[in-house]
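Dumped coords.csv below, it's CSV, C-alpha atoms (C1' of nucleotides):
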chain,number,residue,atom,x,y,z
C,30,MET,CA,0.0,0.0,0.0
C,31,SER,CA,2.5,2.6,1.1
C,32,GLU,CA,4.0,2.6,-2.3
C,33,ARG,CA,7.3,4.0,-1.6
C,34,ASN,CA,10.0,4.4,-4.1
C,35,GLY,CA,8.9,7.8,-5.2
C,36,GLU,CA,6.3,9.0,-7.6
C,37,ARG,CA,4.2,5.9,-8.4
C,38,ALA,CA,1.4,8.2,-7.6
C,39,MET,CA,0.9,9.0,-11.2
C,40,GLY,CA,-0.8,5.8,-11.7
C,41,ASN,CA,-3.8,7.0,-13.7
C,42,LEU,CA,-4.2,7.1,-17.4
C,43,ALA,CA,-4.6,10.8,-17.7
C,44,ASP,CA,-1.3,11.4,-15.9
C,45,ARG,CA,0.5,8.8,-17.9
C,46,ILE,CA,-0.7,10.3,-21.2
C,47,GLU,CA,0.3,13.8,-19.9
C,48,ARG,CA,3.8,12.6,-19.0
C,49,TYR,CA,4.2,10.8,-22.3
C,50,LEU,CA,3.2,13.9,-24.3
C,51,LYS,CA,5.5,16.2,-22.3
C,52,GLU,CA,8.4,13.8,-22.8
C,53,ILE,CA,8.1,13.8,-26.6
C,54,LEU,CA,7.5,17.5,-26.5
C,55,GLU,CA,10.7,17.9,-24.6
C,56,GLN,CA,12.6,16.3,-27.4
C,57,ALA,CA,10.9,18.2,-30.1
C,58,GLU,CA,13.3,20.9,-31.5
C,59,GLU,CA,10.6,23.0,-33.0
C,60,GLY,CA,8.6,23.3,-29.7
C,61,TYR,CA,5.6,21.4,-31.0
C,62,VAL,CA,4.6,17.9,-31.8
C,63,VAL,CA,2.1,16.6,-34.3
C,64,LEU,CA,0.3,13.3,-33.9
C,65,GLN,CA,-3.0,11.5,-34.3
C,66,ARG,CA,-5.7,11.1,-31.7
C,67,GLY,CA,-6.6,7.6,-32.8
C,68,TYR,CA,-3.1,6.4,-32.8
C,69,LEU,CA,-2.5,7.8,-29.3
C,70,ALA,CA,-5.7,6.3,-28.0
C,71,GLU,CA,-4.7,3.0,-29.3
C,72,PHE,CA,-1.2,3.3,-27.9
C,73,PHE,CA,-2.8,3.8,-24.5
C,74,SER,CA,-5.7,1.4,-25.1
C,75,CYS,CA,-8.3,4.0,-24.2
C,76,ALA,CA,-11.2,5.9,-25.6
C,77,PRO,CA,-10.2,8.6,-28.1
C,78,SER,CA,-12.1,11.1,-26.0
C,79,GLN,CA,-9.7,10.5,-23.2
C,80,ILE,CA,-7.1,12.2,-25.3
C,81,ASN,CA,-9.3,15.3,-25.4
C,82,TYR,CA,-9.7,15.1,-21.7
C,83,VAL,CA,-6.0,15.2,-21.2
C,84,LEU,CA,-5.5,18.0,-23.6
C,85,THR,CA,-8.2,20.2,-22.2
C,86,THR,CA,-7.2,19.6,-18.6
C,87,ARG,CA,-3.4,19.5,-18.9
C,88,PHE,CA,-2.4,21.4,-22.0
C,89,THR,CA,-4.0,24.7,-21.3
C,90,ALA,CA,-2.8,28.2,-21.9
C,91,GLU,CA,-2.2,28.7,-18.2
C,92,ARG,CA,0.2,25.9,-18.2
C,93,GLY,CA,1.8,27.2,-21.3
C,94,TYR,CA,0.5,25.1,-24.1
C,95,LYS,CA,-1.7,25.4,-27.1
C,96,VAL,CA,-3.4,22.7,-29.1
C,97,GLU,CA,-4.4,23.0,-32.7
C,98,SER,CA,-6.1,20.3,-34.7
C,99,ARG,CA,-7.7,19.3,-37.9
C,100,ARG,CA,-10.5,16.8,-38.6
C,101,GLY,CA,-11.1,14.6,-41.5
C,102,GLY,CA,-8.8,12.4,-43.5
C,103,GLY,CA,-5.2,13.3,-42.7
C,104,GLY,CA,-6.4,15.0,-39.5
C,105,TYR,CA,-4.0,15.6,-36.6
C,106,LEU,CA,-3.3,17.2,-33.3
C,107,ARG,CA,-0.6,19.7,-32.9
C,108,ILE,CA,0.5,20.4,-29.3
C,109,ILE,CA,2.6,23.5,-29.0
C,110,ARG,CA,4.7,24.6,-26.1
C,111,LEU,CA,4.4,28.3,-25.7
C,112,GLY,CA,7.4,30.2,-24.3
C,113,LEU,CA,6.9,33.5,-22.5
C,114,ASP,CA,7.5,36.2,-25.0
C,115,PRO,CA,11.0,37.3,-24.8
C,116,ASP,CA,10.4,41.0,-24.6
C,117,GLY,CA,9.5,40.7,-21.0
C,118,LYS,CA,6.0,41.6,-21.7
C,119,PHE,CA,4.8,38.5,-19.9
C,120,GLN,CA,2.8,40.6,-17.4
C,121,ARG,CA,0.2,41.5,-19.9
C,122,LEU,CA,-0.2,37.9,-20.9
C,123,MET,CA,-0.4,36.8,-17.3
C,124,ALA,CA,-2.9,39.6,-16.4
C,125,GLU,CA,-5.1,38.3,-19.1
C,126,LEU,CA,-4.8,34.7,-17.9
C,127,ILE,CA,-5.5,35.7,-14.3
C,128,GLY,CA,-8.6,37.9,-14.9
C,129,ASP,CA,-10.5,39.0,-11.9
C,130,GLU,CA,-10.7,35.7,-10.2
C,131,LEU,CA,-8.3,32.9,-9.7
C,132,THR,CA,-9.0,29.5,-8.3
C,133,GLU,CA,-6.4,27.6,-6.3
C,134,ASN,CA,-5.9,25.2,-9.2
C,135,ARG,CA,-5.4,27.9,-11.8
C,136,ALA,CA,-3.0,29.7,-9.4
C,137,ASN,CA,-1.0,26.6,-9.0
C,138,ASN,CA,-0.8,26.1,-12.8
C,139,LEU,CA,0.4,29.6,-13.3
C,140,ILE,CA,2.9,29.4,-10.6
C,141,ASP,CA,4.3,26.1,-11.9
C,142,ARG,CA,4.6,27.6,-15.3
C,143,LEU,CA,6.4,30.6,-14.1
C,144,ALA,CA,8.8,28.3,-12.3
C,145,GLU,CA,9.3,26.3,-15.4
C,146,GLU,CA,10.2,29.5,-17.1
C,147,GLU,CA,12.6,30.2,-14.3
C,148,LEU,CA,11.0,33.5,-13.4
C,149,PHE,CA,10.3,32.0,-10.0
C,150,THR,CA,12.7,29.7,-8.2
C,151,LYS,CA,11.5,26.3,-7.2
C,152,ARG,CA,11.5,27.5,-3.6
C,153,GLU,CA,9.4,30.5,-4.4
C,154,ALA,CA,6.9,28.4,-6.2
C,155,ILE,CA,6.4,26.2,-3.2
C,156,LEU,CA,6.1,29.1,-0.9
C,157,PHE,CA,3.7,31.0,-3.1
C,158,LYS,CA,1.5,28.0,-3.7
C,159,SER,CA,1.3,27.4,0.0
C,160,ILE,CA,-0.2,30.8,0.7
C,161,PHE,CA,-2.6,30.6,-2.3
C,162,ALA,CA,-4.2,27.4,-0.9
C,163,ASP,CA,-8.0,27.3,-0.2
C,164,ARG,CA,-7.5,26.5,3.4
C,165,ILE,CA,-6.0,29.9,4.0
C,166,PHE,CA,-9.1,31.7,2.8
C,167,ALA,CA,-11.5,29.4,4.6
C,168,ASP,CA,-13.9,32.1,5.8
C,169,CYS,CA,-14.1,34.5,2.9
C,170,THR,CA,-14.9,32.0,0.2
C,171,SER,CA,-16.8,34.4,-1.9
C,172,LEU,CA,-13.9,36.8,-2.1
C,173,CYS,CA,-11.3,34.2,-2.1
C,174,ASN,CA,-10.8,34.0,-5.8
C,175,GLN,CA,-10.7,37.8,-6.1
C,176,LEU,CA,-8.1,38.0,-3.4
C,177,ARG,CA,-6.0,35.4,-5.1
C,178,ALA,CA,-6.2,37.2,-8.4
C,179,ARG,CA,-5.1,40.5,-6.8
C,180,MET,CA,-2.2,38.8,-5.0
C,181,MET,CA,-1.0,37.1,-8.1
C,182,LYS,CA,-1.1,40.3,-10.1
C,183,GLU,CA,0.7,42.1,-7.3
C,184,LEU,CA,3.4,39.5,-7.4
C,185,LEU,CA,3.9,39.8,-11.1
C,186,ALA,CA,3.9,43.6,-11.0
C,187,ASN,CA,6.7,43.4,-8.4
C,188,MET,CA,8.7,41.0,-10.5
C,189,CYS,CA,9.8,44.0,-12.6
C,190,ARG,CA,11.3,45.9,-9.8
C,191,ASP,CA,14.9,46.6,-10.3
C,192,ASP,CA,15.8,46.3,-6.7
C,193,LEU,CA,15.0,42.7,-6.6
C,194,GLU,CA,18.4,41.3,-7.3
C,195,GLU,CA,20.7,40.9,-4.4
Z,6,MET,CA,-2.7,11.3,27.6
Z,7,SER,CA,-1.8,9.6,30.8
Z,8,GLU,CA,1.2,7.6,29.6
Z,9,ARG,CA,1.7,5.2,32.4
Z,10,ASN,CA,5.2,4.2,33.3
Z,11,GLY,CA,6.7,3.2,30.0
Z,12,GLU,CA,3.6,1.2,29.2
Z,13,ARG,CA,2.2,2.6,26.1
Z,14,ALA,CA,-1.5,3.3,26.5
Z,15,MET,CA,-1.7,4.1,22.8
Z,16,GLY,CA,-4.6,1.7,22.5
Z,17,ASN,CA,-6.9,3.8,20.4
Z,18,LEU,CA,-7.3,3.8,16.7
Z,19,ALA,CA,-6.1,7.4,16.0
Z,20,ASP,CA,-2.9,6.8,17.9
Z,21,ARG,CA,-2.3,3.5,16.1
Z,22,ILE,CA,-2.8,5.1,12.7
Z,23,GLU,CA,-0.6,8.0,13.7
Z,24,ARG,CA,2.2,5.7,14.8
Z,25,TYR,CA,1.9,3.7,11.6
Z,26,LEU,CA,2.2,6.7,9.4
Z,27,LYS,CA,5.1,8.1,11.3
Z,28,GLU,CA,6.9,4.8,11.0
Z,29,ILE,CA,6.6,4.6,7.2
Z,30,LEU,CA,7.4,8.3,7.0
Z,31,GLU,CA,10.6,7.6,9.0
Z,32,GLN,CA,11.7,5.2,6.3
Z,33,ALA,CA,10.8,7.4,3.4
Z,34,GLU,CA,14.0,8.8,1.9
Z,35,GLU,CA,12.2,11.6,0.1
Z,36,GLY,CA,10.6,12.9,3.2
Z,37,TYR,CA,7.1,12.1,2.2
Z,38,VAL,CA,4.8,9.2,1.6
Z,39,VAL,CA,1.9,8.8,-0.8
Z,40,LEU,CA,-1.0,6.6,-0.1
Z,41,GLN,CA,-4.7,6.2,-0.5
Z,42,ARG,CA,-7.3,7.0,2.1
Z,43,GLY,CA,-9.5,4.1,1.1
Z,44,TYR,CA,-6.7,1.5,1.5
Z,45,LEU,CA,-5.5,3.0,4.7
Z,46,ALA,CA,-9.1,2.9,6.1
Z,47,GLU,CA,-9.5,-0.6,5.1
Z,48,PHE,CA,-6.1,-1.6,6.5
Z,49,PHE,CA,-7.3,-0.3,9.9
Z,50,SER,CA,-10.9,-1.3,9.4
Z,51,CYS,CA,-12.3,2.1,10.0
Z,52,ALA,CA,-14.3,4.8,8.4
Z,53,PRO,CA,-12.4,6.8,5.8
Z,54,SER,CA,-13.1,10.0,7.6
Z,55,GLN,CA,-11.2,8.7,10.6
Z,56,ILE,CA,-8.1,9.1,8.4
Z,57,ASN,CA,-8.9,12.7,8.0
Z,58,TYR,CA,-9.3,13.0,11.7
Z,59,VAL,CA,-5.9,11.7,12.3
Z,60,LEU,CA,-4.4,13.9,9.6
Z,61,THR,CA,-6.0,17.1,10.9
Z,62,THR,CA,-5.2,16.5,14.5
Z,63,ARG,CA,-1.7,14.9,14.2
Z,64,PHE,CA,-0.1,16.0,11.0
Z,65,THR,CA,-0.4,19.7,11.3
Z,66,ALA,CA,2.1,22.4,10.4
Z,67,GLU,CA,2.7,23.1,14.1
Z,68,ARG,CA,3.7,19.5,14.6
Z,69,GLY,CA,6.0,19.5,11.6
Z,70,TYR,CA,3.9,17.9,8.9
Z,71,LYS,CA,2.0,18.9,5.8
Z,72,VAL,CA,-0.6,17.0,3.9
Z,73,GLU,CA,-1.5,17.4,0.2
Z,74,SER,CA,-4.1,15.4,-1.6
Z,75,ARG,CA,-6.0,14.9,-4.8
Z,76,ARG,CA,-9.5,13.7,-5.3
Z,77,GLY,CA,-11.1,11.7,-8.1
Z,78,GLY,CA,-9.8,8.7,-10.0
Z,79,GLY,CA,-6.2,8.2,-9.1
Z,80,GLY,CA,-6.6,10.3,-6.0
Z,81,TYR,CA,-4.1,10.1,-3.1
Z,82,LEU,CA,-2.8,11.6,0.1
Z,83,ARG,CA,0.7,12.8,0.4
Z,84,ILE,CA,2.0,13.3,3.9
Z,85,ILE,CA,5.1,15.4,4.0
Z,86,ARG,CA,7.6,15.5,6.9
Z,87,LEU,CA,8.8,19.1,7.4
Z,88,GLY,CA,12.4,19.3,8.4
Z,89,LEU,CA,13.2,20.3,11.9
Z,90,ASP,CA,14.0,23.9,12.3
Z,91,PRO,CA,17.1,23.9,14.6
Z,92,ASP,CA,16.2,26.4,17.2
Z,93,GLY,CA,12.5,26.0,16.9
Z,94,LYS,CA,12.4,29.5,15.6
Z,95,PHE,CA,9.7,29.0,13.1
Z,96,GLN,CA,7.7,26.9,15.4
Z,97,ARG,CA,7.8,29.7,18.0
Z,98,LEU,CA,6.8,32.3,15.5
Z,99,MET,CA,4.0,30.2,14.2
Z,100,ALA,CA,2.7,29.6,17.7
Z,101,GLU,CA,2.6,33.4,18.2
Z,102,LEU,CA,0.5,33.8,15.1
Z,103,ILE,CA,-2.0,31.1,15.9
Z,104,GLY,CA,-5.4,32.6,16.5
Z,105,ASP,CA,-3.7,35.9,16.4
Z,106,GLU,CA,-3.9,38.7,13.9
Z,107,LEU,CA,-1.2,40.3,11.9
Z,108,THR,CA,-1.3,43.9,10.7
Z,109,GLU,CA,0.5,45.0,7.6
Z,110,ASN,CA,3.0,46.8,9.7
Z,111,ARG,CA,3.8,43.8,11.9
Z,112,ALA,CA,4.0,41.6,8.9
Z,113,ASN,CA,6.5,43.9,7.3
Z,114,ASN,CA,8.6,44.0,10.4
Z,115,LEU,CA,8.6,40.3,10.7
Z,116,ILE,CA,9.5,39.8,7.1
Z,117,ASP,CA,12.3,42.3,7.3
Z,118,ARG,CA,13.6,40.5,10.4
Z,119,LEU,CA,13.6,37.1,8.7
Z,120,ALA,CA,15.3,38.6,5.7
Z,121,GLU,CA,18.0,40.1,8.0
Z,122,GLU,CA,18.5,36.7,9.4
Z,123,GLU,CA,18.8,35.4,5.8
Z,124,LEU,CA,15.9,33.1,6.2
Z,125,PHE,CA,14.2,34.9,3.3
Z,126,THR,CA,16.2,36.3,0.4
Z,127,LYS,CA,15.9,40.0,-0.2
Z,128,ARG,CA,13.8,39.2,-3.3
Z,129,GLU,CA,11.4,37.0,-1.3
Z,130,ALA,CA,11.0,39.7,1.3
Z,131,ILE,CA,10.0,42.2,-1.3
Z,132,LEU,CA,7.5,39.9,-3.0
Z,133,PHE,CA,6.0,38.7,0.2
Z,134,LYS,CA,5.5,42.2,1.5
Z,135,SER,CA,3.8,43.1,-1.7
Z,136,ILE,CA,1.1,40.6,-1.2
Z,137,PHE,CA,0.6,41.3,2.5
Z,138,ALA,CA,-0.3,44.9,1.7
Z,139,ASP,CA,-3.6,46.3,3.0
Z,140,ARG,CA,-4.7,47.2,-0.5
Z,141,ILE,CA,-4.9,43.6,-1.4
Z,142,PHE,CA,-7.5,42.9,1.3
Z,143,ALA,CA,-9.5,45.9,0.6
Z,144,ASP,CA,-13.0,44.3,0.9
Z,145,CYS,CA,-12.5,41.9,3.8
Z,146,THR,CA,-11.0,44.2,6.2
Z,147,SER,CA,-12.4,42.4,9.2
Z,148,LEU,CA,-10.7,39.2,8.3
Z,149,CYS,CA,-7.7,40.8,6.7
Z,150,ASN,CA,-5.5,40.5,9.8
Z,151,GLN,CA,-6.5,36.9,10.4
Z,152,LEU,CA,-5.8,36.0,6.8
Z,153,ARG,CA,-2.4,37.6,7.0
Z,154,ALA,CA,-1.6,35.6,10.1
Z,155,ARG,CA,-2.6,32.4,8.4
Z,156,MET,CA,-0.6,33.2,5.4
Z,157,MET,CA,2.5,34.0,7.4
Z,158,LYS,CA,2.1,30.8,9.5
Z,159,GLU,CA,1.8,28.8,6.3
Z,160,LEU,CA,5.0,30.4,5.0
Z,161,LEU,CA,6.9,29.7,8.1
Z,162,ALA,CA,5.7,26.1,8.2
Z,163,ASN,CA,6.8,25.6,4.6
Z,164,MET,CA,10.2,27.0,5.3
Z,165,CYS,CA,11.0,23.7,6.9
Z,166,ARG,CA,10.3,21.6,3.9
Z,167,ASP,CA,13.1,19.3,2.8
Z,168,ASP,CA,12.4,19.8,-0.8
Z,169,LEU,CA,12.8,23.5,-0.8
Z,170,GLU,CA,16.4,23.5,-1.8
Z,171,GLU,CA,17.0,22.9,-5.4
V,6,DA,C1',-19.2,18.3,-60.5
V,7,DA,C1',-22.1,15.7,-57.4
V,8,DA,C1',-22.8,12.1,-54.5
V,9,DG,C1',-21.3,8.9,-51.6
V,10,DT,C1',-18.0,7.0,-48.4
V,11,DA,C1',-14.0,6.7,-45.4
V,12,DA,C1',-11.2,8.8,-42.1
V,13,DA,C1',-10.2,11.7,-39.1
V,14,DG,C1',-11.3,14.8,-34.7
V,15,DG,C1',-15.1,17.0,-31.2
V,16,DT,C1',-18.9,17.1,-27.7
V,17,DC,C1',-21.5,15.7,-24.0
V,18,DA,C1',-23.7,13.1,-20.6
V,19,DA,C1',-23.4,9.1,-17.7
V,20,DT,C1',-20.7,6.7,-14.5
V,21,DA,C1',-16.8,5.4,-11.7
V,22,DA,C1',-13.3,6.5,-8.5
V,23,DA,C1',-11.3,8.9,-5.5
V,24,DG,C1',-11.0,12.3,-1.2
V,25,DG,C1',-13.7,16.1,2.0
V,26,DT,C1',-17.1,17.8,5.4
V,27,DC,C1',-20.1,17.9,9.1
V,28,DA,C1',-23.3,16.6,12.6
V,29,DT,C1',-23.5,13.4,16.0
V,30,DA,C1',-22.6,9.3,18.8
V,31,DA,C1',-19.5,7.0,21.8
V,32,DG,C1',-15.6,6.9,25.1
V,33,DG,C1',-12.5,8.9,28.5
V,34,DT,C1',-11.0,12.0,32.1
V,35,DC,C1',-11.4,14.9,36.1
H,19,DG,C1',-21.9,15.3,35.3
H,20,DA,C1',-19.1,18.4,32.3
H,21,DC,C1',-15.9,18.5,29.0
H,22,DC,C1',-12.8,17.0,25.6
H,23,DT,C1',-11.2,13.5,22.4
H,24,DT,C1',-12.3,9.8,19.2
H,25,DA,C1',-15.2,7.4,15.7
H,26,DT,C1',-18.8,6.8,12.4
H,27,DG,C1',-22.0,7.5,8.5
H,28,DA,C1',-24.5,10.2,5.4
H,29,DC,C1',-23.9,13.3,2.0
H,30,DC,C1',-20.8,16.3,-1.1
H,31,DT,C1',-17.1,17.7,-4.5
H,32,DT,C1',-13.6,16.8,-7.6
H,33,DT,C1',-11.3,14.1,-11.1
H,34,DA,C1',-11.1,10.3,-14.5
H,35,DT,C1',-13.0,7.3,-18.1
H,36,DT,C1',-16.0,5.6,-21.5
H,37,DG,C1',-19.3,5.4,-25.2
H,38,DA,C1',-22.8,7.2,-28.2
H,39,DC,C1',-23.4,10.5,-31.5
H,40,DC,C1',-21.8,14.7,-34.3
H,41,DT,C1',-18.9,17.5,-37.6
H,42,DT,C1',-15.2,18.2,-40.8
H,43,DT,C1',-12.2,16.9,-44.5
H,44,DA,C1',-10.4,13.9,-48.1
H,45,DC,C1',-11.0,10.5,-51.4
H,46,DT,C1',-13.7,7.6,-54.9
H,47,DT,C1',-17.0,6.8,-58.1
H,48,DT,C1',-20.0,8.0,-61.6
Please re-express this file's structure in structure tokens.
Amino acid sequence: MSERNGERAMGNLADRIERYLKEILEQAEEGYVVLQRGYLAEFFSCAPSQINYVLTTRFTAERGYKVESRRGGGGYLRIIRLGLDPDGKFQRLMAELIGDELTENRANNLIDRLAEEELFTKREAILFKSIFADRIFADCTSLCNQLRARMMKELLANMCRDDLEE
Amino acid sequence: MSERNGERAMGNLADRIERYLKEILEQAEEGYVVLQRGYLAEFFSCAPSQINYVLTTRFTAERGYKVESRRGGGGYLRIIRLGLDPDGKFQRLMAELIGDELTENRANNLIDRLAEEELFTKREAILFKSIFADRIFADCTSLCNQLRARMMKELLANMCRDDLEE
DNA sequence: AAAGTAAAGGTCAATAAAGGTCATAAGGTC
DNA sequence: GACCTTATGACCTTTATTGACCTTTACTTT
């Protein structure tokens, strides 16, 4: 039961498919990968719609991905890894993604992404996520998502300060 | 908790579950264990909610633990052992904050102090202070100080995580 | 060119598989 | 008996998985 030996917790299908896709994406020079839904579904012995589930829950804009597709004969899926735009104008993009309300889940996604892009350290990501948790906002549930959105924006705004570096 | 002479009066379920979890946690190299609530409940032949009881009463931040979880298919519990903080500094600060309130000013002072002691980086201090500001909590002024206290406590607890360092 | 067919991917609702919460009962302790 | 801790069960929320049915695109036949 106590399945030790690290990280066997990713036992479910969706997680496995996610991992697989991220792996091959990692290796793709061009920053995207093209494949077929049916083929993938067969590879994982699952319903084709399971692939859509994984794409819509794991490869979202928040997490830094975009998916394009085409139906019909010769159809395909193209999964694209989005970088943060190099001109440092990521705040606008983020502000858009954040909106006026931010759930715990979406906050975690954004923070993880910023960490992947190395705008946050791993340590910062852990600490930020810890204070964005639902538990913290237990009593003001109605405002909770608004508060989180404000906090997140504040963080990003302050990322541009030039007195940040030691 | 009348622990008679050496005899362990740890007869009750909650204590047994606690002991079991701490044992396997002891052996976990990574500093955490992942398991399923349902299995654990079955293992101890008890209601699943009993597991939550044990987790919320025994595996708290003040006692040096943190619990993360995920619902749904492939769900799990992850129990994390927080490292010991040498002088109990964090623990003491946390205790101070429990049930207490924390104004923006006091928060700033505390953060500055922790930065001076090099427990926070300068950058972290700036970022934390930015999201502890009064403006952020504009609408829930009554709760604001309590929220801040909880956030600070959460930060302190997480400062002891073993996986903080890259 | 039009119609028909095959070959993709998309959507949605139902169901399964977890964990969470809360009121309350049952046990201990003083 | 008052009070606190422990334990349970009913009910809830979140996440995953499947299958039936729909839409779009390409190819084939006439």
Report task. Show which residues sit within 12 Å of Phe161 in chain C, as a count of residues only. Count all atoms listed in the file, and ignore same-chain residues fewer than 6 positions away. Result -> 31
**Report entry** Who sits within 9 Å of DA44 in chain H, all atoms listed in the file, same chain under 4 positions skipped, as a list in words
**Finding:**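 The residues satisfying every condition are Gly101, Gly102 and Gly103 of chain C; DA11 and DA12 of chain V.
CA of Glu91 in chain C to CA of Phe142 in chain Z spans 24.7 Å [interatomic distance, one decimal].
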Report task. Please determine the contact residues of chain V with respect to chain C at a cut-off of 12 Å, counting all atoms listed in the file, and supply them as a count of residues only. Result -> 10
Requested in this report: Tell me which of Z:Phe64, Z:Phe95, Z:Tyr70, Z:Tyr58 sits closest to chain H, counting all atoms listed in the file.
Outcome: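 Using all atoms listed in the file, chain H sits closest to Z:Tyr58.
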Query raised in the report: From the list H:DT31, H:DA38, H:DC45, H:DT26, which residue is nearest chain C when using only C-alpha atoms (C1' of nucleotides)?
Result: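 Nearest to chain C: H:DC45.
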**Report entry** Among listed residues Z:Val39, Z:Ala138, Z:Leu18, Z:Leu119, nearest chain H (using all atoms listed in the file)
**Finding:** Z:Leu18
Query - Separation of CA of Arg92 in chain C from CA of Glu71 in chain C in Å - result: 25.9 Å
Report task. Report the distance between CA of Ile80 in chain C and CA of Val62 in chain C in Å, rounded to one decimal place. Result ->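 If I compute the distance from CA of Ile80 in chain C to CA of Val62 in chain C, I get 14.5 Å.
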Query raised in the report: Which residue, Z:Ala120, Z:Val59, Z:Val72, Z:Met99, has the smallest gap to chain H when you use only C-alpha atoms (C1' of nucleotides)?
Result: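 Comparing Z:Ala120, Z:Val59, Z:Val72, Z:Met99 against chain H, the winner is Z:Val59.
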Query raised in the report: Looking at Z:Thr65, Z:Gln55, Z:Asn17, Z:Gln32, which one is nearest to Lys158 in chain Z, with distances taken over all atoms listed in the file?
Result: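 Closest to Lys158 in chain Z of all the choices is Z:Thr65.
Any residue of chain H with an atom no more than 12 Å from chain Z counts as a contact; using only C-alpha atoms (C1' of nucleotides), that gives H:DC22, H:DT23, H:DT24, H:DA25, H:DT26, H:DG27, H:DA28, H:DT31, H:DT32, H:DT33, H:DA34, H:DT35.
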Those selected residues, please, written with C-alpha atoms (C1' of nucleotides) and delivered as a PDB file, in the coordinates of the input.
ATOM      1  C1'  DC H  22     -12.800  17.000  25.600  1.00  0.00           C
ATOM      2  C1'  DT H  23     -11.200  13.500  22.400  1.00  0.00           C
ATOM      3  C1'  DT H  24     -12.300   9.800  19.200  1.00  0.00           C
ATOM      4  C1'  DA H  25     -15.200   7.400  15.700  1.00  0.00           C
ATOM      5  C1'  DT H  26     -18.800   6.800  12.400  1.00  0.00           C
ATOM      6  C1'  DG H  27     -22.000   7.500   8.500  1.00  0.00           C
ATOM      7  C1'  DA H  28     -24.500  10.200   5.400  1.00  0.00           C
ATOM      8  C1'  DT H  31     -17.100  17.700  -4.500  1.00  0.00           C
ATOM      9  C1'  DT H  32     -13.600  16.800  -7.600  1.00  0.00           C
ATOM     10  C1'  DT H  33     -11.300  14.100 -11.100  1.00  0.00           C
ATOM     11  C1'  DA H  34     -11.100  10.300 -14.500  1.00  0.00           C
ATOM     12  C1'  DT H  35     -13.000   7.300 -18.100  1.00  0.00           C
TER      13       DT H  35
END
Selected range 55-59 of chain C, written as a PDB file, in the first residue's frame, all heavy atoms:
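Result file follows (result-v7.pdb):
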ATOM      1  N   GLU C  55       9.376  17.513 -25.063  1.00  0.00           N
ATOM      2  CA  GLU C  55      10.684  17.918 -24.570  1.00  0.00           C
ATOM      3  C   GLU C  55      11.736  17.743 -25.658  1.00  0.00           C
ATOM      4  O   GLU C  55      12.640  18.551 -25.817  1.00  0.00           O
ATOM      5  CB  GLU C  55      11.035  17.040 -23.363  1.00  0.00           C
ATOM      6  CG  GLU C  55      12.108  17.597 -22.486  1.00  0.00           C
ATOM      7  CD  GLU C  55      11.633  18.864 -21.808  1.00  0.00           C
ATOM      8  OE1 GLU C  55      10.424  18.985 -21.514  1.00  0.00           O
ATOM      9  OE2 GLU C  55      12.484  19.728 -21.593  1.00  0.00           O
ATOM     10  N   GLN C  56      11.569  16.639 -26.375  1.00  0.00           N
ATOM     11  CA  GLN C  56      12.561  16.304 -27.381  1.00  0.00           C
ATOM     12  C   GLN C  56      12.378  16.998 -28.713  1.00  0.00           C
ATOM     13  O   GLN C  56      13.246  16.967 -29.560  1.00  0.00           O
ATOM     14  CB  GLN C  56      12.546  14.790 -27.588  1.00  0.00           C
ATOM     15  CG  GLN C  56      13.530  14.206 -26.639  1.00  0.00           C
ATOM     16  CD  GLN C  56      13.200  12.886 -26.094  1.00  0.00           C
ATOM     17  OE1 GLN C  56      12.877  11.968 -26.820  1.00  0.00           O
ATOM     18  NE2 GLN C  56      13.311  12.800 -24.792  1.00  0.00           N
ATOM     19  N   ALA C  57      11.219  17.608 -28.856  1.00  0.00           N
ATOM     20  CA  ALA C  57      10.922  18.238 -30.146  1.00  0.00           C
ATOM     21  C   ALA C  57      11.642  19.565 -30.262  1.00  0.00           C
ATOM     22  O   ALA C  57      11.404  20.475 -29.489  1.00  0.00           O
ATOM     23  CB  ALA C  57       9.416  18.429 -30.286  1.00  0.00           C
ATOM     24  N   GLU C  58      12.508  19.642 -31.251  1.00  0.00           N
ATOM     25  CA  GLU C  58      13.293  20.858 -31.467  1.00  0.00           C
ATOM     26  C   GLU C  58      12.401  22.064 -31.696  1.00  0.00           C
ATOM     27  O   GLU C  58      12.654  23.148 -31.173  1.00  0.00           O
ATOM     28  CB  GLU C  58      14.147  20.690 -32.735  1.00  0.00           C
ATOM     29  CG  GLU C  58      15.085  19.508 -32.703  1.00  0.00           C
ATOM     30  CD  GLU C  58      16.436  19.893 -32.125  1.00  0.00           C
ATOM     31  OE1 GLU C  58      16.960  20.926 -32.567  1.00  0.00           O
ATOM     32  OE2 GLU C  58      16.948  19.178 -31.242  1.00  0.00           O
ATOM     33  N   GLU C  59      11.361  21.869 -32.488  1.00  0.00           N
ATOM     34  CA  GLU C  59      10.568  23.003 -32.959  1.00  0.00           C
ATOM     35  C   GLU C  59       9.606  23.531 -31.902  1.00  0.00           C
ATOM     36  O   GLU C  59       8.894  24.493 -32.135  1.00  0.00           O
ATOM     37  CB  GLU C  59       9.762  22.620 -34.204  1.00  0.00           C
ATOM     38  CG  GLU C  59      10.519  21.821 -35.236  1.00  0.00           C
ATOM     39  CD  GLU C  59      10.555  20.332 -34.900  1.00  0.00           C
ATOM     40  OE1 GLU C  59       9.910  19.926 -33.899  1.00  0.00           O
ATOM     41  OE2 GLU C  59      11.225  19.573 -35.615  1.00  0.00           O
TER      42      GLU C  59
END
